[in-house]
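Reading through the structure tokens given below for one structure.
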Amino acid sequence: MNSRLLTLLLVEDSPEDRDVFRTYLTEMGEYSYQFLEEDSADAALAICKREQIDCILLDYDLPELSGLEFLRRLVDEEGLLRPPVVMVTGRGNERIAVEALKGGASDYLVKSEVTPESLYRAVRNAVEKEDIRKRLTEQRALTGIAEARLQAALEVLERGDALLVLDKDFRIILVNSNQERLTGLRREDTLTRSHWDVWPESARPESRYWFEYHRAMRERVTTHFEEYFEPLDMWTDVSVYPTREGGIAIFFRDISDKKRAEERVRAEERRRSEFEQQLIGIVSHDLRNPITAISLGVSLLLRRDDLDERILKTLVRVHSSAERTIRMVRDLLDFTQARLGGGIVVNRELTDLHPLLRLVVDEVQMSFPDREVRVEIDGDGQGAWDTDRMAQVITNLVTNALKYSPAGTPVTVRARGDSDAVCLEVHNEGDPIPPRVQEHLFEPMRRGEDQTDRTSRSIGLGLFIVDHLIRAHGGTVNVRSVASEGTTFGVRLPRKALVVSVRRA
């Protein structure tokens, strides 16, 4: 094991004495030494300023000033940072020894009585006492910092959130003034009592407070929650932390104003939404009858054989516009029913989806005479579905594909019957739907960032109604849209209702 290296400053005007001191200390062998030597007091003081000295061997009789004067200057200039001093003198004088020790010397030796052992012992004691003094100084400094931090923490805890500290048996061992203010209970009335005795309302196993406090205590985990505390008519924001002593620290604050403000905002949003949806329903209902009358009237006129070509084209445009408006009104009524009436009602009946698909595609294509719609059918299309609602789904999906695909490209509609479901796909080419738009594709009244951009697609009520109708049939709807494949809307309709109907029959 390497010995400790000590740097010793020999302040002695006699080279012979310095040589003796070096020899004596080196003989003992416990420490390694680096010796610095000076015969001048001023030069020795300068060394103390620039070097880390572990101990000074100081001669009392220096040429320009005494050892006591050197010691006073060392204390004045270096203060507590000065190294320990062992004073040596050629005269055994009790008065000088007392003055040296009072002046700050660690020990006093008479040259004629110095032995290797006594010199080593004096240096070792001086160094060890200085080590102890430094450790005590550091500990006092750290203790002072810790006390200052503790005091600051206590002030923060006293003025911050309400605080309860519980021991492992849920007894209250610490509270702060904010806890007293919020609960109306003085700390002397709560300390050492069980939390469940002070607030019995929270002692029920179904209470959120009971559950979270026990979980934090048992699992030693941090937990956070918001809960209404009925006895104080207060919403609380609660954070629970395990303590080193095996208990828990509970911080809570009153968030009643925040919660009530949020509830007022939600209530206002509900009232506004209900009013808007009721208004949509009323207007849509009132529009349906006159528009239907227009459509029927135009249909009757179109049956006449004496119409010239110009009038015929005009009636066809009016009929197409009326039918489009009827579909819009129907979607608005369905939207109102979905939001206010508890969902869209479907009336199931046994039907074959494949013939219905061909019929609806032919009707839609009449509005897009220049476009090609391919129909591919495979398997059994039997199922128990609402025929009118399924026609509405097909119409919305095919119209959507025709409207938002490039002219001159085909739209493909595939229907495939599996063992337990019928799957429908509507595919079109063109730019893909941006991912940010796909996230909201089936939400009502949502459109792309640029409504004039054809790639953003219409995401108003049509797809919202499709999603509701498919889910009302127990099915699912999804979309896949990538540049290399185009866009495909997929619908899966289970046959479960058909199985049940057959068994009942």
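Labels used: A, B, ... for chains in the order of the structure tokens, numbers from 1 for residues in each chain, and numbers from 1 for ligands as shown.
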
Would you give me, as JSON, numbers by chain, the residues in range 51-139 of chain A that DSSP reads as strand (DSSP E)?
{"A": [55, 56, 57, 58, 59, 85, 86, 87, 88, 89, 107, 108, 109, 110]}

Can you list, as a compact mmCIF listing (two decimals) with C-alpha atoms, in the first residue's frame, every protein, DNA or RNA residue that comes within 9 Å of range 191-206 of chain A when you count only C-alpha atoms, leaving out same-chain residues fewer than 6 positions away?
```
# COMPACT_ATOMS: atom_id res chain seq x y z
CA LEU A 166 -49.16 9.19 6.66
CA ASP A 169 -50.54 2.44 9.47
CA PHE A 170 -52.23 5.44 7.77
CA ARG A 171 -51.74 7.62 10.84
CA ILE A 172 -51.28 11.34 10.11
CA ILE A 173 -47.77 12.45 11.09
CA LEU A 174 -47.43 15.74 9.19
CA VAL A 175 -49.77 18.37 7.73
CA PHE A 229 -64.89 14.84 -2.27
CA GLU A 230 -68.52 15.20 -1.30
CA PRO A 231 -68.16 16.21 2.39
```

Rounded to one decimal place, report the CA of Val114 in chain A-CA of Leu101 in chain A distance in Å.
17.8 Å

If we count only C-alpha atoms, what is near Arg124 in chain A at a cut-off of 10 Å, once residues fewer than 5 positions away on the same chain are taken out, given as number ranges by chain?
A: 6, 30-31, 55, 118-119, 129-130

Please produce an output containing N, CA, C and O atoms for each residue in the selection, written as a PDB file, in the first residue's frame.
```pdb
ATOM      1  N   LEU A   6       3.540  13.748   2.062  1.00  0.00           N
ATOM      2  CA  LEU A   6       3.366  15.018   2.758  1.00  0.00           C
ATOM      3  C   LEU A   6       4.365  16.030   2.219  1.00  0.00           C
ATOM      4  O   LEU A   6       5.542  15.705   2.000  1.00  0.00           O
ATOM      5  N   GLU A  30       6.895   5.995   7.675  1.00  0.00           N
ATOM      6  CA  GLU A  30       5.441   5.821   7.491  1.00  0.00           C
ATOM      7  C   GLU A  30       4.906   6.708   6.383  1.00  0.00           C
ATOM      8  O   GLU A  30       4.007   6.322   5.655  1.00  0.00           O
ATOM      9  N   TYR A  31       5.471   7.925   6.279  1.00  0.00           N
ATOM     10  CA  TYR A  31       5.055   8.857   5.237  1.00  0.00           C
ATOM     11  C   TYR A  31       6.167   9.000   4.216  1.00  0.00           C
ATOM     12  O   TYR A  31       7.344   8.750   4.486  1.00  0.00           O
ATOM     13  N   CYS A  55       2.482  20.719   6.303  1.00  0.00           N
ATOM     14  CA  CYS A  55       2.955  21.065   7.655  1.00  0.00           C
ATOM     15  C   CYS A  55       4.205  21.948   7.530  1.00  0.00           C
ATOM     16  O   CYS A  55       4.979  21.807   6.570  1.00  0.00           O
ATOM     17  N   SER A 118      10.026  11.796  18.369  1.00  0.00           N
ATOM     18  CA  SER A 118       9.276  12.975  18.806  1.00  0.00           C
ATOM     19  C   SER A 118       8.964  13.907  17.646  1.00  0.00           C
ATOM     20  O   SER A 118       7.886  14.503  17.576  1.00  0.00           O
ATOM     21  N   LEU A 119       9.887  14.037  16.709  1.00  0.00           N
ATOM     22  CA  LEU A 119       9.643  14.903  15.560  1.00  0.00           C
ATOM     23  C   LEU A 119       8.538  14.313  14.679  1.00  0.00           C
ATOM     24  O   LEU A 119       7.618  15.020  14.242  1.00  0.00           O
ATOM     25  N   LYS A 129      -4.578  16.412  13.155  1.00  0.00           N
ATOM     26  CA  LYS A 129      -5.497  17.410  13.702  1.00  0.00           C
ATOM     27  C   LYS A 129      -6.026  18.329  12.600  1.00  0.00           C
ATOM     28  O   LYS A 129      -7.196  18.714  12.598  1.00  0.00           O
ATOM     29  N   GLU A 130      -5.163  18.657  11.658  1.00  0.00           N
ATOM     30  CA  GLU A 130      -5.612  19.503  10.554  1.00  0.00           C
ATOM     31  C   GLU A 130      -6.610  18.752   9.661  1.00  0.00           C
ATOM     32  O   GLU A 130      -7.600  19.331   9.201  1.00  0.00           O
TER      33      GLU A 130
END
```

Excluding range 379-390 of chain A and its own-chain neighbours fewer than 5 positions away, which residues fall within 9 Å of it when counting only C-alpha atoms? Please give them as a PyMOL selection string.
chain A and resi 346-357+395+415-419+421-422+466+469-470+473+493-499+501

Keeping N, CA, C and O atoms for every residue in the selection just given, could you write it to a file as a compact mmCIF listing (two decimals), in the first residue's frame?
```txt
# COMPACT_ATOMS: atom_id res chain seq x y z
N VAL A 346 -82.33 0.35 -38.60
CA VAL A 346 -82.32 -0.50 -39.79
C VAL A 346 -83.39 -1.57 -39.64
O VAL A 346 -83.63 -2.08 -38.54
N ASN A 347 -84.06 -1.89 -40.74
CA ASN A 347 -85.11 -2.92 -40.77
C ASN A 347 -84.62 -4.07 -41.64
O ASN A 347 -84.64 -3.99 -42.86
N ARG A 348 -84.17 -5.12 -40.99
CA ARG A 348 -83.57 -6.24 -41.72
C ARG A 348 -84.64 -7.10 -42.41
O ARG A 348 -85.74 -7.28 -41.90
N GLU A 349 -84.25 -7.63 -43.55
CA GLU A 349 -85.07 -8.60 -44.26
C GLU A 349 -84.15 -9.46 -45.11
O GLU A 349 -83.06 -9.03 -45.50
N LEU A 350 -84.58 -10.68 -45.39
CA LEU A 350 -83.75 -11.55 -46.21
C LEU A 350 -83.65 -10.99 -47.62
O LEU A 350 -84.66 -10.67 -48.26
N THR A 351 -82.43 -10.84 -48.11
CA THR A 351 -82.24 -10.25 -49.44
C THR A 351 -80.93 -10.75 -50.02
O THR A 351 -80.07 -11.25 -49.31
N ASP A 352 -80.82 -10.59 -51.33
CA ASP A 352 -79.59 -10.94 -52.04
C ASP A 352 -78.89 -9.64 -52.41
O ASP A 352 -79.44 -8.81 -53.16
N LEU A 353 -77.70 -9.44 -51.91
CA LEU A 353 -76.99 -8.18 -52.12
C LEU A 353 -76.52 -8.02 -53.56
O LEU A 353 -76.41 -6.89 -54.05
N HIS A 354 -76.30 -9.12 -54.26
CA HIS A 354 -75.71 -9.01 -55.59
C HIS A 354 -76.64 -8.34 -56.61
O HIS A 354 -76.21 -7.41 -57.30
N PRO A 355 -77.90 -8.74 -56.75
CA PRO A 355 -78.78 -8.02 -57.67
C PRO A 355 -78.98 -6.56 -57.26
O PRO A 355 -79.07 -5.67 -58.13
N LEU A 356 -79.07 -6.31 -55.96
CA LEU A 356 -79.22 -4.94 -55.48
C LEU A 356 -78.01 -4.11 -55.89
O LEU A 356 -78.15 -2.95 -56.30
N LEU A 357 -76.83 -4.71 -55.82
CA LEU A 357 -75.61 -3.99 -56.19
C LEU A 357 -75.65 -3.57 -57.66
O LEU A 357 -75.36 -2.41 -57.99
N THR A 395 -74.62 3.53 -52.99
CA THR A 395 -74.70 4.81 -53.71
C THR A 395 -73.62 5.77 -53.23
O THR A 395 -72.91 6.39 -54.04
N ALA A 415 -68.02 -7.67 -55.17
CA ALA A 415 -68.78 -8.27 -54.07
C ALA A 415 -68.42 -9.74 -53.99
O ALA A 415 -68.46 -10.46 -55.01
N ARG A 416 -68.05 -10.20 -52.81
CA ARG A 416 -67.61 -11.58 -52.64
C ARG A 416 -68.28 -12.17 -51.41
O ARG A 416 -68.24 -11.62 -50.32
N GLY A 417 -68.94 -13.33 -51.63
CA GLY A 417 -69.60 -13.99 -50.52
C GLY A 417 -68.70 -15.03 -49.88
O GLY A 417 -68.26 -15.96 -50.56
N ASP A 418 -68.40 -14.87 -48.60
CA ASP A 418 -67.63 -15.85 -47.85
C ASP A 418 -68.57 -16.72 -47.03
O ASP A 418 -69.79 -16.58 -47.12
N SER A 419 -68.00 -17.57 -46.19
CA SER A 419 -68.83 -18.50 -45.42
C SER A 419 -69.70 -17.79 -44.40
O SER A 419 -70.83 -18.20 -44.14
N ALA A 421 -69.85 -14.07 -44.22
CA ALA A 421 -70.01 -12.64 -44.49
C ALA A 421 -70.00 -12.39 -45.98
O ALA A 421 -69.57 -13.23 -46.78
N VAL A 422 -70.46 -11.21 -46.35
CA VAL A 422 -70.34 -10.70 -47.71
C VAL A 422 -69.43 -9.49 -47.65
O VAL A 422 -69.63 -8.58 -46.83
N VAL A 466 -72.34 6.14 -44.13
CA VAL A 466 -71.90 4.79 -44.49
C VAL A 466 -71.40 4.05 -43.25
O VAL A 466 -71.77 2.89 -42.99
N LEU A 469 -74.30 3.12 -40.92
CA LEU A 469 -75.17 2.07 -41.45
C LEU A 469 -74.49 0.70 -41.40
O LEU A 469 -75.12 -0.30 -41.06
N ILE A 470 -73.21 0.66 -41.73
CA ILE A 470 -72.49 -0.62 -41.70
C ILE A 470 -72.39 -1.13 -40.27
O ILE A 470 -72.59 -2.32 -39.99
N HIS A 473 -75.45 -2.70 -39.00
CA HIS A 473 -75.62 -4.07 -39.48
C HIS A 473 -74.61 -5.03 -38.86
O HIS A 473 -74.54 -6.20 -39.26
N LEU A 493 -69.91 -7.38 -44.19
CA LEU A 493 -71.23 -7.54 -43.58
C LEU A 493 -71.41 -8.99 -43.13
O LEU A 493 -71.47 -9.89 -43.95
N PRO A 494 -71.47 -9.24 -41.84
CA PRO A 494 -71.62 -10.63 -41.37
C PRO A 494 -73.00 -11.20 -41.68
O PRO A 494 -73.98 -10.47 -41.79
N ARG A 495 -73.09 -12.54 -41.80
CA ARG A 495 -74.35 -13.20 -42.08
C ARG A 495 -75.06 -13.66 -40.80
O ARG A 495 -76.02 -14.39 -40.89
N LYS A 496 -74.61 -13.25 -39.67
CA LYS A 496 -75.13 -13.77 -38.40
C LYS A 496 -76.65 -13.65 -38.31
O LYS A 496 -77.34 -14.57 -37.88
N ALA A 497 -77.20 -12.50 -38.71
CA ALA A 497 -78.65 -12.30 -38.65
C ALA A 497 -79.38 -13.32 -39.52
O ALA A 497 -80.44 -13.81 -39.17
N LEU A 498 -78.77 -13.67 -40.68
CA LEU A 498 -79.38 -14.66 -41.57
C LEU A 498 -79.47 -16.03 -40.88
O LEU A 498 -80.48 -16.70 -40.92
N VAL A 499 -78.38 -16.41 -40.19
CA VAL A 499 -78.35 -17.69 -39.50
C VAL A 499 -79.44 -17.75 -38.44
O VAL A 499 -80.17 -18.70 -38.28
N SER A 501 -82.23 -16.00 -38.28
CA SER A 501 -83.55 -16.02 -38.90
C SER A 501 -83.91 -17.41 -39.40
O SER A 501 -85.00 -17.88 -39.22
```

What's around range 60-67 of chain A at 10 Å? Count only C-alpha atoms, leave out sequence neighbours fewer than 5 positions away in its own chain, and write the answer as a PDB file with all heavy atoms, in the first residue's frame.
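Output below, filename selection-v1.pdb:
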```
ATOM      1  N   VAL A  11      11.253  25.973   7.605  1.00  0.00           N
ATOM      2  CA  VAL A  11      11.641  27.383   7.715  1.00  0.00           C
ATOM      3  C   VAL A  11      12.700  27.452   8.814  1.00  0.00           C
ATOM      4  O   VAL A  11      12.396  27.535  10.015  1.00  0.00           O
ATOM      5  CB  VAL A  11      10.420  28.275   8.060  1.00  0.00           C
ATOM      6  CG1 VAL A  11      10.813  29.750   8.024  1.00  0.00           C
ATOM      7  CG2 VAL A  11       9.269  27.984   7.113  1.00  0.00           C
ATOM      8  N   GLU A  12      13.955  27.360   8.390  1.00  0.00           N
ATOM      9  CA  GLU A  12      15.084  27.221   9.326  1.00  0.00           C
ATOM     10  C   GLU A  12      16.319  27.821   8.670  1.00  0.00           C
ATOM     11  O   GLU A  12      16.628  27.507   7.515  1.00  0.00           O
ATOM     12  CB  GLU A  12      15.292  25.734   9.635  1.00  0.00           C
ATOM     13  CG  GLU A  12      16.560  25.391  10.371  1.00  0.00           C
ATOM     14  CD  GLU A  12      16.572  25.966  11.771  1.00  0.00           C
ATOM     15  OE1 GLU A  12      15.699  25.592  12.593  1.00  0.00           O
ATOM     16  OE2 GLU A  12      17.475  26.812  12.029  1.00  0.00           O
ATOM     17  N   ASP A  13      17.033  28.715   9.438  1.00  0.00           N
ATOM     18  CA  ASP A  13      18.208  29.360   8.846  1.00  0.00           C
ATOM     19  C   ASP A  13      19.464  28.518   8.996  1.00  0.00           C
ATOM     20  O   ASP A  13      20.511  28.867   8.452  1.00  0.00           O
ATOM     21  CB  ASP A  13      18.423  30.734   9.467  1.00  0.00           C
ATOM     22  CG  ASP A  13      18.669  30.667  10.969  1.00  0.00           C
ATOM     23  OD1 ASP A  13      18.249  29.654  11.587  1.00  0.00           O
ATOM     24  OD2 ASP A  13      19.229  31.629  11.516  1.00  0.00           O
ATOM     25  N   SER A  14      19.368  27.377   9.677  1.00  0.00           N
ATOM     26  CA  SER A  14      20.536  26.515   9.851  1.00  0.00           C
ATOM     27  C   SER A  14      20.439  25.329   8.903  1.00  0.00           C
ATOM     28  O   SER A  14      19.552  24.468   9.045  1.00  0.00           O
ATOM     29  CB  SER A  14      20.610  26.016  11.305  1.00  0.00           C
ATOM     30  OG  SER A  14      21.583  24.984  11.429  1.00  0.00           O
ATOM     31  N   ASP A  39      15.173  29.862   4.381  1.00  0.00           N
ATOM     32  CA  ASP A  39      15.743  30.473   5.585  1.00  0.00           C
ATOM     33  C   ASP A  39      15.232  31.882   5.786  1.00  0.00           C
ATOM     34  O   ASP A  39      15.600  32.561   6.736  1.00  0.00           O
ATOM     35  CB  ASP A  39      17.277  30.464   5.531  1.00  0.00           C
ATOM     36  CG  ASP A  39      17.807  31.152   4.281  1.00  0.00           C
ATOM     37  OD1 ASP A  39      16.994  31.750   3.526  1.00  0.00           O
ATOM     38  OD2 ASP A  39      19.021  31.098   4.056  1.00  0.00           O
ATOM     39  N   SER A  40      14.353  32.324   4.873  1.00  0.00           N
ATOM     40  CA  SER A  40      13.805  33.680   4.950  1.00  0.00           C
ATOM     41  C   SER A  40      12.311  33.595   5.244  1.00  0.00           C
ATOM     42  O   SER A  40      11.572  32.825   4.616  1.00  0.00           O
ATOM     43  CB  SER A  40      14.038  34.418   3.632  1.00  0.00           C
ATOM     44  OG  SER A  40      13.196  35.559   3.534  1.00  0.00           O
ATOM     45  N   ALA A  41      11.834  34.408   6.183  1.00  0.00           N
ATOM     46  CA  ALA A  41      10.417  34.409   6.554  1.00  0.00           C
ATOM     47  C   ALA A  41       9.544  34.874   5.390  1.00  0.00           C
ATOM     48  O   ALA A  41       8.500  34.289   5.091  1.00  0.00           O
ATOM     49  CB  ALA A  41      10.193  35.296   7.782  1.00  0.00           C
ATOM     50  N   ASP A  42       9.948  35.942   4.697  1.00  0.00           N
ATOM     51  CA  ASP A  42       9.141  36.460   3.575  1.00  0.00           C
ATOM     52  C   ASP A  42       9.039  35.432   2.453  1.00  0.00           C
ATOM     53  O   ASP A  42       7.966  35.220   1.867  1.00  0.00           O
ATOM     54  CB  ASP A  42       9.765  37.748   3.043  1.00  0.00           C
ATOM     55  CG  ASP A  42       9.605  38.913   4.016  1.00  0.00           C
ATOM     56  OD1 ASP A  42       8.645  38.867   4.830  1.00  0.00           O
ATOM     57  OD2 ASP A  42      10.425  39.844   3.966  1.00  0.00           O
ATOM     58  N   ARG A  72       2.059  34.963  13.462  1.00  0.00           N
ATOM     59  CA  ARG A  72       0.985  35.972  13.417  1.00  0.00           C
ATOM     60  C   ARG A  72       0.704  36.394  11.962  1.00  0.00           C
ATOM     61  O   ARG A  72      -0.455  36.533  11.562  1.00  0.00           O
ATOM     62  CB  ARG A  72       1.356  37.170  14.280  1.00  0.00           C
ATOM     63  CG  ARG A  72       1.148  36.940  15.768  1.00  0.00           C
ATOM     64  CD  ARG A  72       1.230  38.246  16.537  1.00  0.00           C
ATOM     65  NE  ARG A  72       2.590  38.781  16.543  1.00  0.00           N
ATOM     66  CZ  ARG A  72       3.506  38.487  17.466  1.00  0.00           C
ATOM     67  NH1 ARG A  72       3.195  37.662  18.448  1.00  0.00           N
ATOM     68  NH2 ARG A  72       4.713  39.012  17.399  1.00  0.00           N
ATOM     69  N   ARG A  73       1.761  36.620  11.204  1.00  0.00           N
ATOM     70  CA  ARG A  73       1.566  36.998   9.800  1.00  0.00           C
ATOM     71  C   ARG A  73       0.891  35.876   9.013  1.00  0.00           C
ATOM     72  O   ARG A  73       0.042  36.113   8.158  1.00  0.00           O
ATOM     73  CB  ARG A  73       2.915  37.360   9.160  1.00  0.00           C
ATOM     74  CG  ARG A  73       3.433  38.727   9.571  1.00  0.00           C
ATOM     75  CD  ARG A  73       4.696  39.072   8.805  1.00  0.00           C
ATOM     76  NE  ARG A  73       4.472  39.063   7.361  1.00  0.00           N
ATOM     77  CZ  ARG A  73       5.448  39.268   6.453  1.00  0.00           C
ATOM     78  NH1 ARG A  73       6.696  39.505   6.870  1.00  0.00           N
ATOM     79  NH2 ARG A  73       5.181  39.246   5.167  1.00  0.00           N
ATOM     80  N   MET A  87       6.550  24.428  15.951  1.00  0.00           N
ATOM     81  CA  MET A  87       7.633  25.376  16.207  1.00  0.00           C
ATOM     82  C   MET A  87       8.772  24.676  16.953  1.00  0.00           C
ATOM     83  O   MET A  87       8.514  23.908  17.889  1.00  0.00           O
ATOM     84  CB  MET A  87       7.115  26.567  17.013  1.00  0.00           C
ATOM     85  CG  MET A  87       8.175  27.665  17.189  1.00  0.00           C
ATOM     86  SD  MET A  87       7.507  29.162  17.963  1.00  0.00           S
ATOM     87  CE  MET A  87       6.510  29.787  16.615  1.00  0.00           C
ATOM     88  N   VAL A  88      10.014  24.951  16.516  1.00  0.00           N
ATOM     89  CA  VAL A  88      11.202  24.400  17.167  1.00  0.00           C
ATOM     90  C   VAL A  88      12.114  25.571  17.565  1.00  0.00           C
ATOM     91  O   VAL A  88      12.206  26.570  16.854  1.00  0.00           O
ATOM     92  CB  VAL A  88      11.956  23.417  16.243  1.00  0.00           C
ATOM     93  CG1 VAL A  88      11.168  22.167  16.030  1.00  0.00           C
ATOM     94  CG2 VAL A  88      12.297  24.074  14.913  1.00  0.00           C
ATOM     95  N   THR A  89      12.773  25.421  18.705  1.00  0.00           N
ATOM     96  CA  THR A  89      13.651  26.492  19.198  1.00  0.00           C
ATOM     97  C   THR A  89      14.840  25.886  19.915  1.00  0.00           C
ATOM     98  O   THR A  89      14.794  24.744  20.397  1.00  0.00           O
ATOM     99  CB  THR A  89      12.895  27.427  20.160  1.00  0.00           C
ATOM    100  OG1 THR A  89      13.785  28.436  20.642  1.00  0.00           O
ATOM    101  CG2 THR A  89      12.318  26.661  21.332  1.00  0.00           C
ATOM    102  N   GLY A  90      15.922  26.666  19.939  1.00  0.00           N
ATOM    103  CA  GLY A  90      17.111  26.181  20.623  1.00  0.00           C
ATOM    104  C   GLY A  90      17.039  26.387  22.116  1.00  0.00           C
ATOM    105  O   GLY A  90      17.919  25.932  22.846  1.00  0.00           O
ATOM    106  N   ARG A  91      16.007  27.096  22.636  1.00  0.00           N
ATOM    107  CA  ARG A  91      15.906  27.375  24.061  1.00  0.00           C
ATOM    108  C   ARG A  91      14.615  26.801  24.616  1.00  0.00           C
ATOM    109  O   ARG A  91      13.552  27.008  24.056  1.00  0.00           O
ATOM    110  CB  ARG A  91      15.925  28.886  24.312  1.00  0.00           C
ATOM    111  CG  ARG A  91      17.232  29.564  23.901  1.00  0.00           C
ATOM    112  CD  ARG A  91      17.104  31.073  23.962  1.00  0.00           C
ATOM    113  NE  ARG A  91      16.186  31.568  22.933  1.00  0.00           N
ATOM    114  CZ  ARG A  91      15.772  32.843  22.870  1.00  0.00           C
ATOM    115  NH1 ARG A  91      16.172  33.702  23.789  1.00  0.00           N
ATOM    116  NH2 ARG A  91      14.960  33.204  21.900  1.00  0.00           N
ATOM    117  N   ILE A  96       7.681  31.042  25.868  1.00  0.00           N
ATOM    118  CA  ILE A  96       7.653  30.985  24.401  1.00  0.00           C
ATOM    119  C   ILE A  96       6.719  29.864  23.936  1.00  0.00           C
ATOM    120  O   ILE A  96       5.950  30.025  22.973  1.00  0.00           O
ATOM    121  CB  ILE A  96       9.076  30.777  23.860  1.00  0.00           C
ATOM    122  CG1 ILE A  96       9.944  31.986  24.167  1.00  0.00           C
ATOM    123  CG2 ILE A  96       9.031  30.522  22.356  1.00  0.00           C
ATOM    124  CD1 ILE A  96      11.403  31.807  23.745  1.00  0.00           C
ATOM    125  N   ALA A 100       3.493  30.393  21.625  1.00  0.00           N
ATOM    126  CA  ALA A 100       3.420  29.705  20.324  1.00  0.00           C
ATOM    127  C   ALA A 100       2.099  28.947  20.178  1.00  0.00           C
ATOM    128  O   ALA A 100       1.430  29.026  19.133  1.00  0.00           O
ATOM    129  CB  ALA A 100       4.597  28.756  20.163  1.00  0.00           C
ATOM    130  N   TYR A 108       5.204  22.308  20.002  1.00  0.00           N
ATOM    131  CA  TYR A 108       6.404  23.069  20.316  1.00  0.00           C
ATOM    132  C   TYR A 108       7.485  22.081  20.723  1.00  0.00           C
ATOM    133  O   TYR A 108       7.272  21.237  21.590  1.00  0.00           O
ATOM    134  CB  TYR A 108       6.115  24.052  21.459  1.00  0.00           C
ATOM    135  CG  TYR A 108       7.309  24.833  21.920  1.00  0.00           C
ATOM    136  CD1 TYR A 108       7.667  26.014  21.288  1.00  0.00           C
ATOM    137  CD2 TYR A 108       8.066  24.389  23.004  1.00  0.00           C
ATOM    138  CE1 TYR A 108       8.765  26.747  21.722  1.00  0.00           C
ATOM    139  CE2 TYR A 108       9.169  25.110  23.446  1.00  0.00           C
ATOM    140  CZ  TYR A 108       9.500  26.286  22.793  1.00  0.00           C
ATOM    141  OH  TYR A 108      10.591  27.005  23.225  1.00  0.00           O
ATOM    142  N   VAL A 110      11.891  21.524  21.543  1.00  0.00           N
ATOM    143  CA  VAL A 110      13.210  22.088  21.832  1.00  0.00           C
ATOM    144  C   VAL A 110      14.235  21.281  21.038  1.00  0.00           C
ATOM    145  O   VAL A 110      14.237  20.042  21.082  1.00  0.00           O
ATOM    146  CB  VAL A 110      13.518  22.027  23.345  1.00  0.00           C
ATOM    147  CG1 VAL A 110      14.927  22.572  23.615  1.00  0.00           C
ATOM    148  CG2 VAL A 110      12.488  22.804  24.131  1.00  0.00           C
TER     149      VAL A 110
END
```

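Closest approach to Thr183 in chain A among A:Arg358, A:Arg253, A:Arg22, A:Lys111 is made by A:Arg253 (distances from only C-alpha atoms).
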
Quick one: distance from CA of Asn178 in chain A to CA of Ser239 in chain A in Å, one decimal?
15.1 Å

Could you tell me which of A:Ser484, A:Ser405, A:Thr137, A:Thr292 comes closest to Ser321 in chain A if we count only C-alpha atoms?
A:Thr292

For Val364 in chain A, which residue among A:Leu397, A:Val265, A:Val477, A:Leu315 is the nearest when counting only C-alpha atoms?
A:Leu397
